[in-house]
Each structure stands twice: as structure tokens, then as C-alpha cells.
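S.K.: PDB, C-alpha atoms, saved as coords.pdb, coming up:
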```pdb
ATOM      1  CA  GLN A 803      26.320 -60.015   7.711
ATOM      2  CA  GLU A 804      29.206 -59.311   5.365
ATOM      3  CA  ALA A 805      32.085 -57.214   6.634
ATOM      4  CA  GLY A 806      31.386 -53.539   6.126
ATOM      5  CA  CYS A 807      27.800 -54.110   4.996
ATOM      6  CA  GLN A 808      24.541 -53.204   6.675
ATOM      7  CA  ALA A 809      22.641 -56.369   7.562
ATOM      8  CA  ARG A 810      19.794 -56.853   5.141
ATOM      9  CA  PRO A 811      17.582 -59.520   3.596
ATOM     10  CA  SER A 812      17.570 -60.436  -0.071
ATOM     11  CA  VAL A 813      14.153 -60.854  -1.605
ATOM     12  CA  LEU A 814      14.003 -62.417  -5.066
ATOM     13  CA  VAL A 815      10.763 -61.403  -6.791
ATOM     14  CA  ARG A 816       9.912 -62.508 -10.312
ATOM     15  CA  PRO A 817      10.314 -59.570 -12.736
ATOM     16  CA  ALA A 818       6.620 -59.086 -13.419
ATOM     17  CA  HIS A 819       6.151 -57.910  -9.859
ATOM     18  CA  THR A 820       9.398 -56.207  -8.928
ATOM     19  CA  LYS A 821       9.085 -52.511  -8.145
ATOM     20  CA  ASP A 822      10.072 -50.601 -11.256
ATOM     21  CA  GLN A 823      12.795 -48.511  -9.691
ATOM     22  CA  ALA A 824      16.555 -48.852  -9.900
ATOM     23  CA  THR A 825      18.547 -48.292  -6.726
ATOM     24  CA  THR A 826      21.880 -48.325  -8.527
ATOM     25  CA  CYS A 827      23.146 -45.862 -11.105
ATOM     26  CA  GLY A 828      24.685 -45.760 -14.551
ATOM     27  CA  ARG A 829      23.838 -47.124 -17.958
ATOM     28  CA  ARG A 830      23.699 -50.727 -16.832
ATOM     29  CA  ALA A 831      21.044 -49.890 -14.263
ATOM     30  CA  GLU A 832      19.044 -47.983 -16.868
ATOM     31  CA  ARG A 833      19.183 -50.949 -19.247
ATOM     32  CA  ALA A 834      18.049 -53.272 -16.455
ATOM     33  CA  LYS A 835      15.224 -50.887 -15.613
ATOM     34  CA  GLY A 836      14.086 -50.869 -19.227
ATOM     35  CA  THR A 837      14.130 -54.669 -19.360
ATOM     36  CA  LEU A 838      12.119 -54.824 -16.144
ATOM     37  CA  SER A 839       9.552 -52.350 -17.435
ATOM     38  CA  HIS A 840       9.158 -54.411 -20.590
ATOM     39  CA  ALA A 841       8.677 -57.602 -18.551
ATOM     40  CA  ILE A 842       5.979 -55.943 -16.456
ATOM     41  CA  ARG A 843       4.134 -54.622 -19.512
ATOM     42  CA  ALA A 844       4.384 -57.983 -21.285
ATOM     43  CA  SER A 845       2.941 -59.819 -18.308
ATOM     44  CA  GLY A 846      -0.252 -57.773 -18.321
ATOM     45  CA  ARG A 847      -0.077 -57.580 -14.520
ATOM     46  CA  GLU A 848       0.197 -54.713 -12.104
ATOM     47  CA  PRO A 849       3.627 -54.326 -10.476
ATOM     48  CA  MET A 850       3.957 -55.065  -6.778
ATOM     49  CA  LYS A 851       4.985 -52.062  -4.697
ATOM     50  CA  VAL A 852       7.573 -52.974  -2.060
ATOM     51  CA  SER A 853       8.831 -50.773   0.782
ATOM     52  CA  LEU A 854      12.301 -51.697   2.099
ATOM     53  CA  ILE A 855      12.835 -50.792   5.748
ATOM     54  CA  GLN A 856      16.369 -49.740   6.690
ATOM     55  CA  MET A 857      17.294 -49.961  10.379
ATOM     56  CA  ASN A 858      20.310 -49.495  12.619
ATOM     57  CA  SER A 859      19.473 -52.300  15.030
ATOM     58  CA  GLN A 860      21.459 -52.615  18.250
ATOM     59  CA  GLU A 861      21.311 -55.020  21.204
ATOM     60  CA  ASN A 862      18.060 -53.673  22.705
ATOM     61  CA  LYS A 863      15.401 -55.945  21.243
ATOM     62  CA  ASP A 864      12.454 -53.999  22.679
ATOM     63  CA  ALA A 865      13.728 -50.762  21.130
ATOM     64  CA  ASN A 866      14.355 -52.500  17.809
ATOM     65  CA  LEU A 867      10.848 -53.950  17.667
ATOM     66  CA  LYS A 868       9.333 -50.583  18.526
ATOM     67  CA  LYS A 869      11.358 -48.912  15.772
ATOM     68  CA  ALA A 870      10.350 -51.576  13.249
ATOM     69  CA  GLU A 871       6.691 -51.037  14.133
ATOM     70  CA  GLU A 872       7.078 -47.261  13.706
ATOM     71  CA  LEU A 873       8.902 -47.547  10.387
ATOM     72  CA  ILE A 874       6.353 -49.948   8.936
ATOM     73  CA  ALA A 875       3.534 -47.596   9.929
ATOM     74  CA  GLN A 876       5.415 -44.715   8.312
ATOM     75  CA  ALA A 877       6.047 -46.672   5.104
ATOM     76  CA  VAL A 878       2.383 -47.638   4.848
ATOM     77  CA  ALA A 879       1.260 -44.056   5.414
ATOM     78  CA  ASP A 880       3.757 -42.553   2.976
ATOM     79  CA  ASP A 881       3.899 -45.141   0.210
ATOM     80  CA  ASN A 882       0.870 -47.439   0.493
ATOM     81  CA  PRO A 883       2.952 -50.533  -0.422
ATOM     82  CA  ASP A 884       1.754 -54.061  -1.107
ATOM     83  CA  MET A 885       4.662 -55.485   0.877
ATOM     84  CA  VAL A 886       7.136 -54.272   3.477
ATOM     85  CA  VAL A 887      10.522 -55.910   3.953
ATOM     86  CA  LEU A 888      12.607 -55.654   7.132
ATOM     87  CA  PRO A 889      16.407 -56.117   7.390
ATOM     88  CA  GLU A 890      18.411 -59.121   8.487
ATOM     89  CA  MET A 891      18.695 -59.448  12.271
ATOM     90  CA  PHE A 892      16.418 -56.464  12.791
ATOM     91  CA  THR A 893      15.460 -57.714  16.259
ATOM     92  CA  CYS A 894      18.987 -57.753  17.699
ATOM     93  CA  LEU A 895      22.372 -57.142  16.123
ATOM     94  CA  THR A 896      25.282 -58.065  18.393
ATOM     95  CA  GLU A 897      28.638 -59.828  18.501
ATOM     96  CA  SER A 898      27.859 -61.313  21.916
ATOM     97  CA  ASP A 899      26.607 -64.894  21.903
ATOM     98  CA  GLU A 900      25.126 -64.360  25.374
ATOM     99  CA  VAL A 901      23.112 -61.343  24.215
ATOM    100  CA  ARG A 902      22.139 -63.170  21.039
ATOM    101  CA  ARG A 903      20.691 -66.136  22.916
ATOM    102  CA  ALA A 904      18.894 -63.841  25.353
ATOM    103  CA  ASN A 905      17.053 -62.236  22.431
ATOM    104  CA  THR A 906      15.877 -65.311  20.547
ATOM    105  CA  ASP A 907      12.291 -66.027  19.544
ATOM    106  CA  THR A 908      10.296 -69.188  19.149
ATOM    107  CA  ILE A 909       8.442 -69.727  15.873
ATOM    108  CA  PRO A 910       5.507 -69.642  16.101
ATOM    109  CA  GLY A 911       4.436 -67.875  19.277
ATOM    110  CA  GLY A 912       7.435 -65.672  19.978
ATOM    111  CA  GLU A 913       7.218 -61.937  20.587
ATOM    112  CA  THR A 914       8.599 -60.993  17.171
ATOM    113  CA  TYR A 915       6.498 -63.568  15.343
ATOM    114  CA  ASP A 916       3.325 -62.235  16.954
ATOM    115  CA  LEU A 917       4.273 -58.624  16.212
ATOM    116  CA  LEU A 918       4.924 -59.275  12.519
ATOM    117  CA  ARG A 919       1.674 -61.203  12.189
ATOM    118  CA  ASP A 920      -0.252 -58.391  13.871
ATOM    119  CA  LEU A 921       1.414 -55.694  11.738
ATOM    120  CA  ALA A 922       0.450 -57.546   8.570
ATOM    121  CA  ARG A 923      -3.168 -57.705   9.730
ATOM    122  CA  ARG A 924      -3.240 -54.125  10.978
ATOM    123  CA  HIS A 925      -1.844 -52.566   7.827
ATOM    124  CA  ARG A 926      -3.220 -55.106   5.340
ATOM    125  CA  VAL A 927       0.176 -55.687   3.721
ATOM    126  CA  PHE A 928       2.493 -58.596   3.107
ATOM    127  CA  VAL A 929       5.294 -58.548   5.693
ATOM    128  CA  HIS A 930       8.646 -60.156   4.900
ATOM    129  CA  GLY A 931      10.274 -60.262   8.303
ATOM    130  CA  GLY A 932      13.910 -59.757   7.330
ATOM    131  CA  SER A 933      15.382 -62.169   9.823
ATOM    132  CA  LEU A 934      15.218 -62.812  13.529
ATOM    133  CA  LEU A 935      17.028 -65.082  15.962
ATOM    134  CA  GLU A 936      14.978 -68.279  16.103
ATOM    135  CA  ILE A 937      15.519 -70.706  18.977
ATOM    136  CA  ASP A 938      14.703 -74.371  18.343
ATOM    137  CA  GLY A 939      15.935 -76.694  21.065
ATOM    138  CA  ASP A 940      19.629 -75.922  21.502
ATOM    139  CA  ASP A 941      19.970 -74.417  18.035
ATOM    140  CA  VAL A 942      19.731 -70.756  17.051
ATOM    141  CA  TYR A 943      18.870 -69.939  13.435
ATOM    142  CA  ASN A 944      18.972 -66.775  11.337
ATOM    143  CA  THR A 945      15.379 -67.028  10.152
ATOM    144  CA  THR A 946      13.015 -65.161   7.848
ATOM    145  CA  VAL A 947       9.261 -65.330   8.428
ATOM    146  CA  ALA A 948       6.718 -63.962   5.940
ATOM    147  CA  PHE A 949       3.007 -63.202   6.401
ATOM    148  CA  ASP A 950       0.155 -62.322   4.086
ATOM    149  CA  ALA A 951      -2.120 -59.322   4.555
ATOM    150  CA  GLU A 952      -4.428 -61.321   6.830
ATOM    151  CA  GLY A 953      -1.606 -62.362   9.142
ATOM    152  CA  ASN A 954      -1.293 -65.919   7.868
ATOM    153  CA  GLU A 955       2.215 -67.327   7.841
ATOM    154  CA  LEU A 956       3.435 -67.859   4.281
ATOM    155  CA  ALA A 957       6.978 -69.076   4.785
ATOM    156  CA  ARG A 958       9.929 -69.632   7.094
ATOM    157  CA  TYR A 959      13.470 -69.667   5.800
ATOM    158  CA  ARG A 960      16.606 -70.482   7.787
ATOM    159  CA  LYS A 961      19.772 -68.960   6.333
ATOM    160  CA  ILE A 962      21.776 -71.621   4.524
ATOM    161  CA  HIS A 963      25.129 -69.977   3.799
ATOM    162  CA  LEU A 964      26.609 -68.670   7.030
ATOM    163  CA  PHE A 965      29.245 -65.945   6.966
ATOM    164  CA  ASP A 966      32.462 -67.803   7.746
ATOM    165  CA  VAL A 967      35.352 -65.868   6.209
ATOM    166  CA  THR A 968      38.776 -64.419   6.880
ATOM    167  CA  THR A 969      39.156 -60.923   5.433
ATOM    168  CA  PRO A 970      42.372 -59.667   3.762
ATOM    169  CA  ASP A 971      43.353 -57.874   6.976
ATOM    170  CA  GLY A 972      43.211 -61.181   8.860
ATOM    171  CA  LYS A 973      39.964 -60.592  10.745
ATOM    172  CA  GLU A 974      37.797 -63.679  11.093
ATOM    173  CA  TYR A 975      34.019 -63.896  11.011
ATOM    174  CA  ARG A 976      32.436 -67.195  12.079
ATOM    175  CA  GLU A 977      28.666 -66.951  11.997
ATOM    176  CA  SER A 978      28.522 -70.736  12.326
ATOM    177  CA  ALA A 979      30.055 -70.489  15.806
ATOM    178  CA  SER A 980      26.711 -69.267  17.147
ATOM    179  CA  ILE A 981      24.167 -69.828  14.368
ATOM    180  CA  SER A 982      23.001 -73.169  12.965
ATOM    181  CA  ARG A 983      22.696 -73.711   9.241
ATOM    182  CA  GLY A 984      19.352 -74.076   7.465
ATOM    183  CA  GLY A 985      18.844 -76.596   4.690
ATOM    184  CA  ASP A 986      15.646 -75.816   2.795
ATOM    185  CA  VAL A 987      15.136 -73.753  -0.364
ATOM    186  CA  VAL A 988      12.022 -71.690   0.352
ATOM    187  CA  THR A 989       9.598 -69.720  -1.815
ATOM    188  CA  TYR A 990       6.151 -68.300  -1.209
ATOM    189  CA  ASP A 991       3.415 -66.619  -3.215
ATOM    190  CA  ALA A 992       2.500 -62.986  -2.560
ATOM    191  CA  ALA A 993      -0.514 -62.174  -4.729
ATOM    192  CA  ASP A 994       0.677 -63.219  -8.217
ATOM    193  CA  ALA A 995       4.387 -62.962  -7.345
ATOM    194  CA  ARG A 996       6.600 -65.901  -6.447
ATOM    195  CA  VAL A 997       9.121 -64.773  -3.823
ATOM    196  CA  GLY A 998      12.353 -66.631  -3.149
ATOM    197  CA  CYS A 999      13.947 -66.273   0.286
ATOM    198  CA  THR A1000      17.654 -65.659   0.842
ATOM    199  CA  ILE A1001      19.629 -63.745   3.468
ATOM    200  CA  CYS A1002      22.782 -61.641   2.974
ATOM    201  CA  TYR A1003      25.731 -63.998   2.342
ATOM    202  CA  ASP A1004      23.438 -66.363   0.435
ATOM    203  CA  LEU A1005      23.854 -63.839  -2.381
ATOM    204  CA  ARG A1006      27.350 -65.219  -3.103
ATOM    205  CA  PHE A1007      26.006 -68.662  -4.057
ATOM    206  CA  PRO A1008      24.334 -68.677  -7.492
ATOM    207  CA  GLU A1009      23.242 -72.299  -7.222
ATOM    208  CA  LEU A1010      20.736 -71.254  -4.556
ATOM    209  CA  TYR A1011      19.194 -68.737  -6.944
ATOM    210  CA  GLN A1012      19.123 -71.325  -9.700
ATOM    211  CA  ALA A1013      17.187 -73.611  -7.357
ATOM    212  CA  LEU A1014      14.811 -70.771  -6.456
ATOM    213  CA  ALA A1015      14.191 -69.957 -10.111
ATOM    214  CA  LYS A1016      13.169 -73.578 -10.746
ATOM    215  CA  LYS A1017      10.515 -73.321  -8.045
TER
END
```
Render the structure in this file as C-alpha cells.

M.R.:
Amino acid sequence: QEAGCQARPSVLVRPAHTKDQATTCGRRAERAKGTLSHAIRASGREPMKVSLIQMNSQENKDANLKKAEELIAQAVADDNPDMVVLPEMFTCLTESDEVRRANTDTIPGGETYDLLRDLARRHRVFVHGGSLLEIDGDDVYNTTVAFDAEGNELARYRKIHLFDVTTPDGKEYRESASISRGGDVVTYDAADARVGCTICYDLRFPELYQALAKK
């Protein structure tokens, strides 16, 4: 999570299937929107409709999971999306390593994993699970899990670029002090779209996106 930013996942979707809406403003955004619309028309394919779930997750994992379930149900009812995307660390957001480890999940078979799988089946949508705290042996990872509309696992991605920085005011952030680093570049197919997985600080490293584009 970058300083001052809401934790969130990045989902790279090839232009033919990116929702044709701009979330930024100004002429540059309008030009990008026009280019995207042209790419969709040229592909001859229907655009994929994606609902992005915004949350204010705290340390109470049970409450966070309940809220995620409610918000996904609301998004499906209101927007009828093809895919829903949850934020980074939606299960538990904390600065305490003790709390963090107490709220980890195994993959597969953990509480969050099972919930996301069941939500995908229930609502018949692709679910991109933002990220959760995965426990694997002694290591904790910042991990994305994605499911298809039948609840089949499509992908797992462990965040590669951890947020280790010192801000201009001297404050230090060391994600690597409690989170282990992933090493795999991960994509998956959602209908006709190829989705590339990244999380938050990964956005600062263009070589990762170059590798995703080649896949």
C-alpha cells in the first residue's frame, strides 16, 4: 500500500475487454477513452463489464468478509457485471504483524478462498479477489486469487514488488519486514480477455507490465 493511497489491486485487461469508462478527467482521459472505444469496435467483441469494489477494511477479518460479500451482491444486483474486483488486503488491513499473522488464509481451503469461490458460483461472475494474507509455511504473502463463474480457480499471484520506501518526511514503510516476495508473472483468461495480475506498488515497475503484455 503506497503512502496516502487506499489499498487496491491493479487489473490489466487487454483493451478489447476493458470497461469503456474513464475514471479520470480531462482531455487526455477523453482521448484514451476514444482509443479504447475504437479498439473494442475493431475487435468485433463485446466489452467486459467490471465492477470495482471499494472498501475501508480494518483489522476485523470477519466484518471485512461480510462487507465484501454484501458489496459483491449489491454490485451484481445494480450493475450485472461480468467480473467483480476486490481491493488489496480486503480481508485485513493493519500495521500489526501479530494481527496480520492471526488473519492469514491457506490457499486453497482457507476461509477467504472458500468464500470467493462460493461467491463466484452464487452470482455467476468472475471474481478477482484483490489480495489476501496467504500463509505458506512460515511465509506470509500478499496474494491475489481469481475464480471463474463456476468457482474454478483461475490464478494465484503473489505480489512481487513490496512497498519498501522512505518518504520525504522521513517515515519508513517496510512491507518486506512482514510479507514475503512473490516471483511469478501471472495471467489468466476471463472469457475472451487476458488478465494480467499486479498489486499496488507493482504499478511503479514497467518491466512487469512488459512481461505481462508478452503473455

S.K.: Expand the PyMOL selection byres ((chain A and resi 927) around 9) into the individual residues it matches in the shown file, reporting them as number ranges by chain.

M.R.: A: 878, 882-886, 921-926, 928-929, 949-953

S.K.: Apply the PyMOL selection byres ((chain A and resi 962) around 12) to the structure shown and report the selected residues as JSON, numbers by chain.

M.R.: {"A": [943, 944, 945, 946, 959, 960, 961, 963, 964, 965, 966, 977, 978, 981, 982, 983, 984, 985, 986, 987, 988, 999, 1000, 1001, 1002, 1003, 1004, 1005, 1006, 1007, 1009, 1010]}

S.K.: Record the distance separating atom CA of Asn858 of chain A and atom CA of Phe892 of chain A, expressed in Å with one decimal.

M.R.: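 Here the two named atoms are 8.0 Å from each other.
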
S.K.: Just give me the gap between atom CA of Ile937 of chain A and atom CA of Ser898 of chain A in Å, one decimal is fine.

M.R.: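 That distance, rounded to one decimal, is 15.8 Å.
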
S.K.: Could you pull the residues within 10 Å of Thr989 of chain A, counting only C-alpha atoms, minus those fewer than 3 positions along the same chain, as a PyMOL selection string?

M.R.: chain A and resi 813-815+956-959+986+992+996-1000+1014-1015+1017

S.K.: With distances taken over all atoms listed in the file, which residue among A:Thr969, A:Thr908, A:Asn866, A:Gln856 lies nearest Leu935 of chain A?

M.R.: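 Under the stated criterion, the closest residue is A:Thr908.
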
S.K.: Could you check which of A:Asp938, A:Glu861, A:Glu871, A:Asp971 is closest to Met891 of chain A, using all atoms listed in the file?

M.R.: A:Glu861

S.K.: Point out the residue among A:Asp991, A:Ile909, A:Lys851, A:Ala865 with the least atom-to-atom distance to Asp881 of chain A, counting only C-alpha atoms.

M.R.: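 Closest residue, counting only C-alpha atoms: A:Lys851.
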